[in-house]
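What follows is a single structure, written as structure tokens, with notes after it.
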Amino acid sequence: MIKRVIAASLVALAAAGYAAPGTAPLTGFKADYEVLRNGKPLGKATLDLHNAGNDWEFVSDTQGTSGMAAMVGAEVHEKSTFTWNANKPQCLTYAYSQKALKTKSTSITCDWNAKTANVDDNGKPATVSLTSPAMDRHLVPLALMVDLKAGAQSLDYPVIDKSHVDDQQYLQAGHENVTLASGNTIDAIKVTRDRGADAKRSTTYWFAPQKNWMPVQIEQVEKNGETITMRLASAK
């Protein structure tokens, strides 16, 4: 998340098996985070989940505010439009844009009638077959929030990738106290992506029951050892 429209009526949504907004398993929220690179200030980020009428939107914005990231005006924007299907977020559209020393962009448009997703990754188009409900990578934290809140043990999600649907698995790693940007600590459940024993990259989330299961910390470790961390600063 850090580096890296849509049915015409409620009747059509119901016919397609989508959950109406009133039955959504999560409520909207807006949260601000500080972003660190290898433990040093890098920027700030905002996560915004809200009901957009018949559909839902999840938006992430990250800005560089320190060092080289500030000098080059680094920005990352992600937006998912989705519906709830059996208490899981189901992708409708996804857009990613990165502005830094290099620019990157990715878009996904799902056609659930045709069971295909049109993907454009930096100008390289692809069509992905959809055999069952699936989400984009940006929606995974929301799926984790729902399942942790429900006490689910299996955290396994079909995620639309550049050329296929990837089966992503996550593992609960118990409770930990997390230090927030304010300096206060909060109890959270640690969840890691299972990339296999030989993986050189890692993705870890910490979700806080006290904060309605919002992620209070997100950490990405790259192959070169660089660590990007988002820590909760405030939430509405």
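Please note that chains go A, B, ... in the order of the structure tokens, that every chain numbers its residues from 1, and that ligands are numbered from 1 in the order shown.
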Task: Which of segment 8-226 of chain A DSSP labels strand (DSSP E or B), written as a ChimeraX atom specification - done: /A:19,29-37,40-51,56-64,75-85,88-99,103-111,116-121,124-129,135,155-160,165-179,185-193,202-208,214-221
Print the selection's residues with C-alpha atoms to a file, as a compact mmCIF listing (two decimals), in the first residue's frame.
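Result saved to result-v8.txt:
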# COMPACT_ATOMS: atom_id res chain seq x y z
CA ALA A 19 -24.73 -6.71 -0.04
CA PHE A 29 -13.50 5.77 9.11
CA LYS A 30 -10.77 8.26 8.34
CA ALA A 31 -7.33 7.81 9.87
CA ASP A 32 -4.04 9.69 9.66
CA TYR A 33 -0.66 7.97 9.92
CA GLU A 34 2.97 8.95 10.17
CA VAL A 35 5.21 7.17 7.65
CA LEU A 36 8.73 6.08 8.57
CA ARG A 37 11.56 4.68 6.47
CA LYS A 40 13.09 7.81 10.40
CA PRO A 41 10.31 10.24 9.39
CA LEU A 42 9.43 10.02 5.71
CA GLY A 43 5.90 11.38 5.28
CA LYS A 44 2.25 11.14 6.19
CA ALA A 45 -0.65 9.04 4.99
CA THR A 46 -4.44 9.00 5.22
CA LEU A 47 -6.84 6.05 4.91
CA ASP A 48 -10.47 6.92 4.18
CA LEU A 49 -13.29 4.34 4.05
CA HIS A 50 -16.74 5.69 3.22
CA ASN A 51 -20.10 4.78 1.76
CA TRP A 56 -18.14 1.92 -1.14
CA GLU A 57 -14.82 3.68 -1.62
CA PHE A 58 -11.50 3.12 0.11
CA VAL A 59 -8.89 5.82 -0.54
CA SER A 60 -5.24 6.00 0.55
CA ASP A 61 -3.05 9.06 0.11
CA THR A 62 0.64 9.19 1.03
CA GLN A 63 2.90 12.26 0.80
CA GLY A 64 6.61 12.61 1.37
CA GLU A 75 3.01 11.10 -3.67
CA VAL A 76 1.12 7.81 -3.79
CA HIS A 77 -2.64 7.66 -4.37
CA GLU A 78 -4.82 4.54 -4.28
CA LYS A 79 -8.58 4.28 -4.69
CA SER A 80 -10.81 1.22 -4.64
CA THR A 81 -14.49 1.24 -5.49
CA PHE A 82 -16.17 -1.92 -4.26
CA THR A 83 -19.26 -3.70 -2.96
CA TRP A 84 -19.71 -6.08 -0.06
CA ASN A 85 -20.32 -9.68 -1.14
CA LYS A 88 -16.06 -9.60 1.78
CA PRO A 89 -15.02 -6.53 -0.25
CA GLN A 90 -15.47 -7.24 -3.96
CA CYS A 91 -13.52 -5.10 -6.42
CA LEU A 92 -15.29 -2.90 -8.95
CA THR A 93 -12.47 -0.53 -9.87
CA TYR A 94 -8.98 0.15 -8.57
CA ALA A 95 -6.51 2.93 -9.40
CA TYR A 96 -2.93 3.38 -8.23
CA SER A 97 -0.61 6.25 -9.08
CA GLN A 98 2.88 7.00 -7.83
CA LYS A 99 4.74 10.23 -8.39
CA THR A 103 5.96 7.56 -12.06
CA LYS A 104 3.90 4.38 -11.93
CA SER A 105 0.24 3.62 -12.46
CA THR A 106 -2.06 0.61 -12.28
CA SER A 107 -5.79 0.34 -12.94
CA ILE A 108 -8.33 -2.48 -12.67
CA THR A 109 -11.91 -2.49 -13.95
CA CYS A 110 -14.02 -5.54 -13.12
CA ASP A 111 -16.89 -6.78 -15.28
CA THR A 116 -13.22 -10.60 -16.31
CA ALA A 117 -10.98 -7.86 -14.97
CA ASN A 118 -9.27 -5.44 -17.35
CA VAL A 119 -5.87 -4.58 -15.91
CA ASP A 120 -3.48 -1.87 -17.07
CA ASP A 121 -0.08 -1.94 -15.38
CA LYS A 124 0.65 -2.94 -20.27
CA PRO A 125 -2.94 -4.23 -20.64
CA ALA A 126 -4.13 -7.67 -19.57
CA THR A 127 -7.42 -9.47 -19.10
CA VAL A 128 -7.81 -11.61 -15.98
CA SER A 129 -10.50 -14.29 -15.68
CA MET A 135 -10.64 -8.11 -4.38
CA LEU A 155 -7.46 -15.52 6.46
CA ASP A 156 -7.30 -16.52 2.80
CA TYR A 157 -8.20 -14.08 -0.02
CA PRO A 158 -8.40 -14.12 -3.84
CA VAL A 159 -6.57 -10.97 -4.98
CA ILE A 160 -6.51 -9.67 -8.56
CA VAL A 165 -5.93 -14.00 -9.35
CA ASP A 166 -3.46 -14.63 -6.55
CA ASP A 167 -4.40 -16.67 -3.47
CA GLN A 168 -3.04 -14.64 -0.56
CA GLN A 169 -2.87 -16.20 2.89
CA TYR A 170 -2.36 -14.39 6.18
CA LEU A 171 -1.44 -15.71 9.61
CA GLN A 172 -2.35 -14.41 13.06
CA ALA A 173 0.71 -13.97 15.28
CA GLY A 174 -0.92 -13.12 18.61
CA HIS A 175 -1.30 -9.89 20.56
CA GLU A 176 1.34 -7.16 20.77
CA ASN A 177 1.51 -3.71 22.30
CA VAL A 178 2.05 -1.14 19.55
CA THR A 179 3.45 2.34 20.15
CA THR A 185 0.61 2.12 23.42
CA ILE A 186 -2.36 0.02 22.33
CA ASP A 187 -3.08 -3.71 22.29
CA ALA A 188 -3.29 -5.07 18.75
CA ILE A 189 -3.46 -8.37 16.91
CA LYS A 190 -0.47 -8.97 14.66
CA VAL A 191 -1.15 -10.45 11.21
CA THR A 192 1.52 -11.39 8.67
CA ARG A 193 1.26 -12.39 5.04
CA SER A 202 7.28 -9.28 4.36
CA THR A 203 3.99 -7.49 5.03
CA THR A 204 2.67 -7.13 8.57
CA TYR A 205 -0.45 -5.49 9.99
CA TRP A 206 -1.47 -4.70 13.55
CA PHE A 207 -5.24 -4.36 14.12
CA ALA A 208 -6.66 -2.88 17.34
CA MET A 214 -8.59 -0.48 12.35
CA PRO A 215 -4.94 -1.05 11.41
CA VAL A 216 -2.85 0.91 13.90
CA GLN A 217 0.43 -0.08 12.26
CA ILE A 218 1.40 -1.43 8.82
CA GLU A 219 4.93 -2.50 7.95
CA GLN A 220 6.51 -3.53 4.65
CA VAL A 221 10.05 -4.95 4.51
Task: Separation of atom CA of Gln153 of chain A from atom CA of Ile228 of chain A, in Å and rounded to one decimal - done: 27.1 Å
Task: Pick from A:Asn212, A:Asn113, A:Asn122, A:Asn184 nearest to Ala150 of chain A, counting only C-alpha atoms - done: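 For Ala150 of chain A, the nearest of the candidates is A:Asn212.
You will find atom CA of Lys149 of chain A at 9.3 Å from atom CA of Pro25 of chain A.
Taking atom CA of Thr229 of chain A and atom CA of Arg201 of chain A as endpoints, the distance between them is 13.7 Å.
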- [ ] Using DSSP on the backbone coordinates, identify the residues of segment 48-212 of chain A assigned to alpha helix (DSSP H); present them as JSON, numbers by chain.
- [x] {"A": [67, 68, 69, 70, 71, 140, 141, 142, 143, 144, 145, 146, 147, 148, 149]}
Write a file of the selected residues as a compact mmCIF listing (two decimals), in the first residue's frame, keeping all heavy atoms.
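So part.txt came out as:
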# COMPACT_ATOMS: atom_id res chain seq x y z
N GLY A 67 13.22 14.74 3.84
CA GLY A 67 14.31 14.27 3.01
C GLY A 67 14.04 14.33 1.52
O GLY A 67 13.35 15.21 1.01
N MET A 68 14.57 13.34 0.80
CA MET A 68 14.43 13.28 -0.64
C MET A 68 12.97 13.16 -1.07
O MET A 68 12.56 13.71 -2.10
CB MET A 68 15.23 12.10 -1.21
CG MET A 68 15.20 11.99 -2.72
SD MET A 68 15.91 13.44 -3.57
CE MET A 68 17.65 13.21 -3.15
N ALA A 69 12.17 12.45 -0.26
CA ALA A 69 10.75 12.28 -0.59
C ALA A 69 10.05 13.62 -0.67
O ALA A 69 9.19 13.85 -1.53
CB ALA A 69 10.07 11.38 0.44
N ALA A 70 10.41 14.54 0.22
CA ALA A 70 9.83 15.88 0.18
C ALA A 70 10.38 16.68 -0.98
O ALA A 70 9.65 17.43 -1.65
CB ALA A 70 10.10 16.60 1.51
N MET A 71 11.68 16.53 -1.26
CA MET A 71 12.32 17.31 -2.31
C MET A 71 11.72 17.01 -3.69
O MET A 71 11.53 17.91 -4.51
CB MET A 71 13.82 17.03 -2.33
CG MET A 71 14.58 17.60 -1.13
SD MET A 71 16.34 17.16 -1.19
CE MET A 71 16.83 17.97 -2.71
N VAL A 140 -7.42 -5.68 0.90
CA VAL A 140 -7.08 -6.76 1.83
C VAL A 140 -7.18 -6.33 3.30
O VAL A 140 -7.72 -7.09 4.12
CB VAL A 140 -5.68 -7.33 1.51
CG1 VAL A 140 -5.22 -8.28 2.62
CG2 VAL A 140 -5.71 -8.06 0.17
N PRO A 141 -6.68 -5.15 3.70
CA PRO A 141 -6.82 -4.77 5.11
C PRO A 141 -8.28 -4.73 5.58
O PRO A 141 -8.56 -5.07 6.74
CB PRO A 141 -6.19 -3.37 5.17
CG PRO A 141 -5.27 -3.32 4.01
CD PRO A 141 -5.92 -4.14 2.94
N LEU A 142 -9.20 -4.35 4.69
CA LEU A 142 -10.61 -4.32 5.07
C LEU A 142 -11.12 -5.74 5.28
O LEU A 142 -11.88 -6.00 6.23
CB LEU A 142 -11.44 -3.62 3.99
CG LEU A 142 -11.04 -2.18 3.65
CD1 LEU A 142 -12.03 -1.59 2.64
CD2 LEU A 142 -10.98 -1.30 4.90
N ALA A 143 -10.73 -6.67 4.41
CA ALA A 143 -11.13 -8.07 4.58
C ALA A 143 -10.59 -8.62 5.89
O ALA A 143 -11.28 -9.36 6.61
CB ALA A 143 -10.63 -8.89 3.40
N LEU A 144 -9.36 -8.26 6.23
CA LEU A 144 -8.77 -8.71 7.49
C LEU A 144 -9.53 -8.13 8.68
O LEU A 144 -9.78 -8.83 9.67
CB LEU A 144 -7.29 -8.31 7.55
CG LEU A 144 -6.35 -9.10 6.65
CD1 LEU A 144 -4.99 -8.41 6.55
CD2 LEU A 144 -6.18 -10.53 7.18
N MET A 145 -9.90 -6.86 8.61
CA MET A 145 -10.68 -6.24 9.69
C MET A 145 -11.97 -7.00 9.95
O MET A 145 -12.31 -7.32 11.09
CB MET A 145 -11.00 -4.78 9.36
CG MET A 145 -9.83 -3.84 9.40
SD MET A 145 -10.27 -2.16 8.84
CE MET A 145 -11.43 -1.65 10.13
N VAL A 146 -12.69 -7.31 8.87
CA VAL A 146 -13.96 -8.02 8.99
C VAL A 146 -13.76 -9.40 9.61
O VAL A 146 -14.48 -9.80 10.54
CB VAL A 146 -14.65 -8.15 7.61
CG1 VAL A 146 -15.88 -9.05 7.71
CG2 VAL A 146 -15.05 -6.77 7.09
N ASP A 147 -12.79 -10.14 9.12
CA ASP A 147 -12.60 -11.50 9.59
C ASP A 147 -12.07 -11.56 11.01
O ASP A 147 -12.46 -12.43 11.81
CB ASP A 147 -11.67 -12.25 8.64
CG ASP A 147 -12.37 -12.69 7.37
OD1 ASP A 147 -13.62 -12.63 7.34
OD2 ASP A 147 -11.69 -13.07 6.40
N LEU A 148 -11.17 -10.65 11.38
CA LEU A 148 -10.68 -10.63 12.75
C LEU A 148 -11.81 -10.27 13.72
O LEU A 148 -11.93 -10.85 14.81
CB LEU A 148 -9.54 -9.63 12.88
CG LEU A 148 -8.23 -10.02 12.18
CD1 LEU A 148 -7.25 -8.86 12.22
CD2 LEU A 148 -7.61 -11.26 12.83
N LYS A 149 -12.63 -9.32 13.32
CA LYS A 149 -13.78 -8.92 14.15
C LYS A 149 -14.73 -10.10 14.37
O LYS A 149 -15.30 -10.25 15.44
CB LYS A 149 -14.51 -7.76 13.47
CG LYS A 149 -15.67 -7.18 14.26
CD LYS A 149 -16.27 -6.01 13.49
CE LYS A 149 -17.44 -5.40 14.27
NZ LYS A 149 -18.02 -4.25 13.52
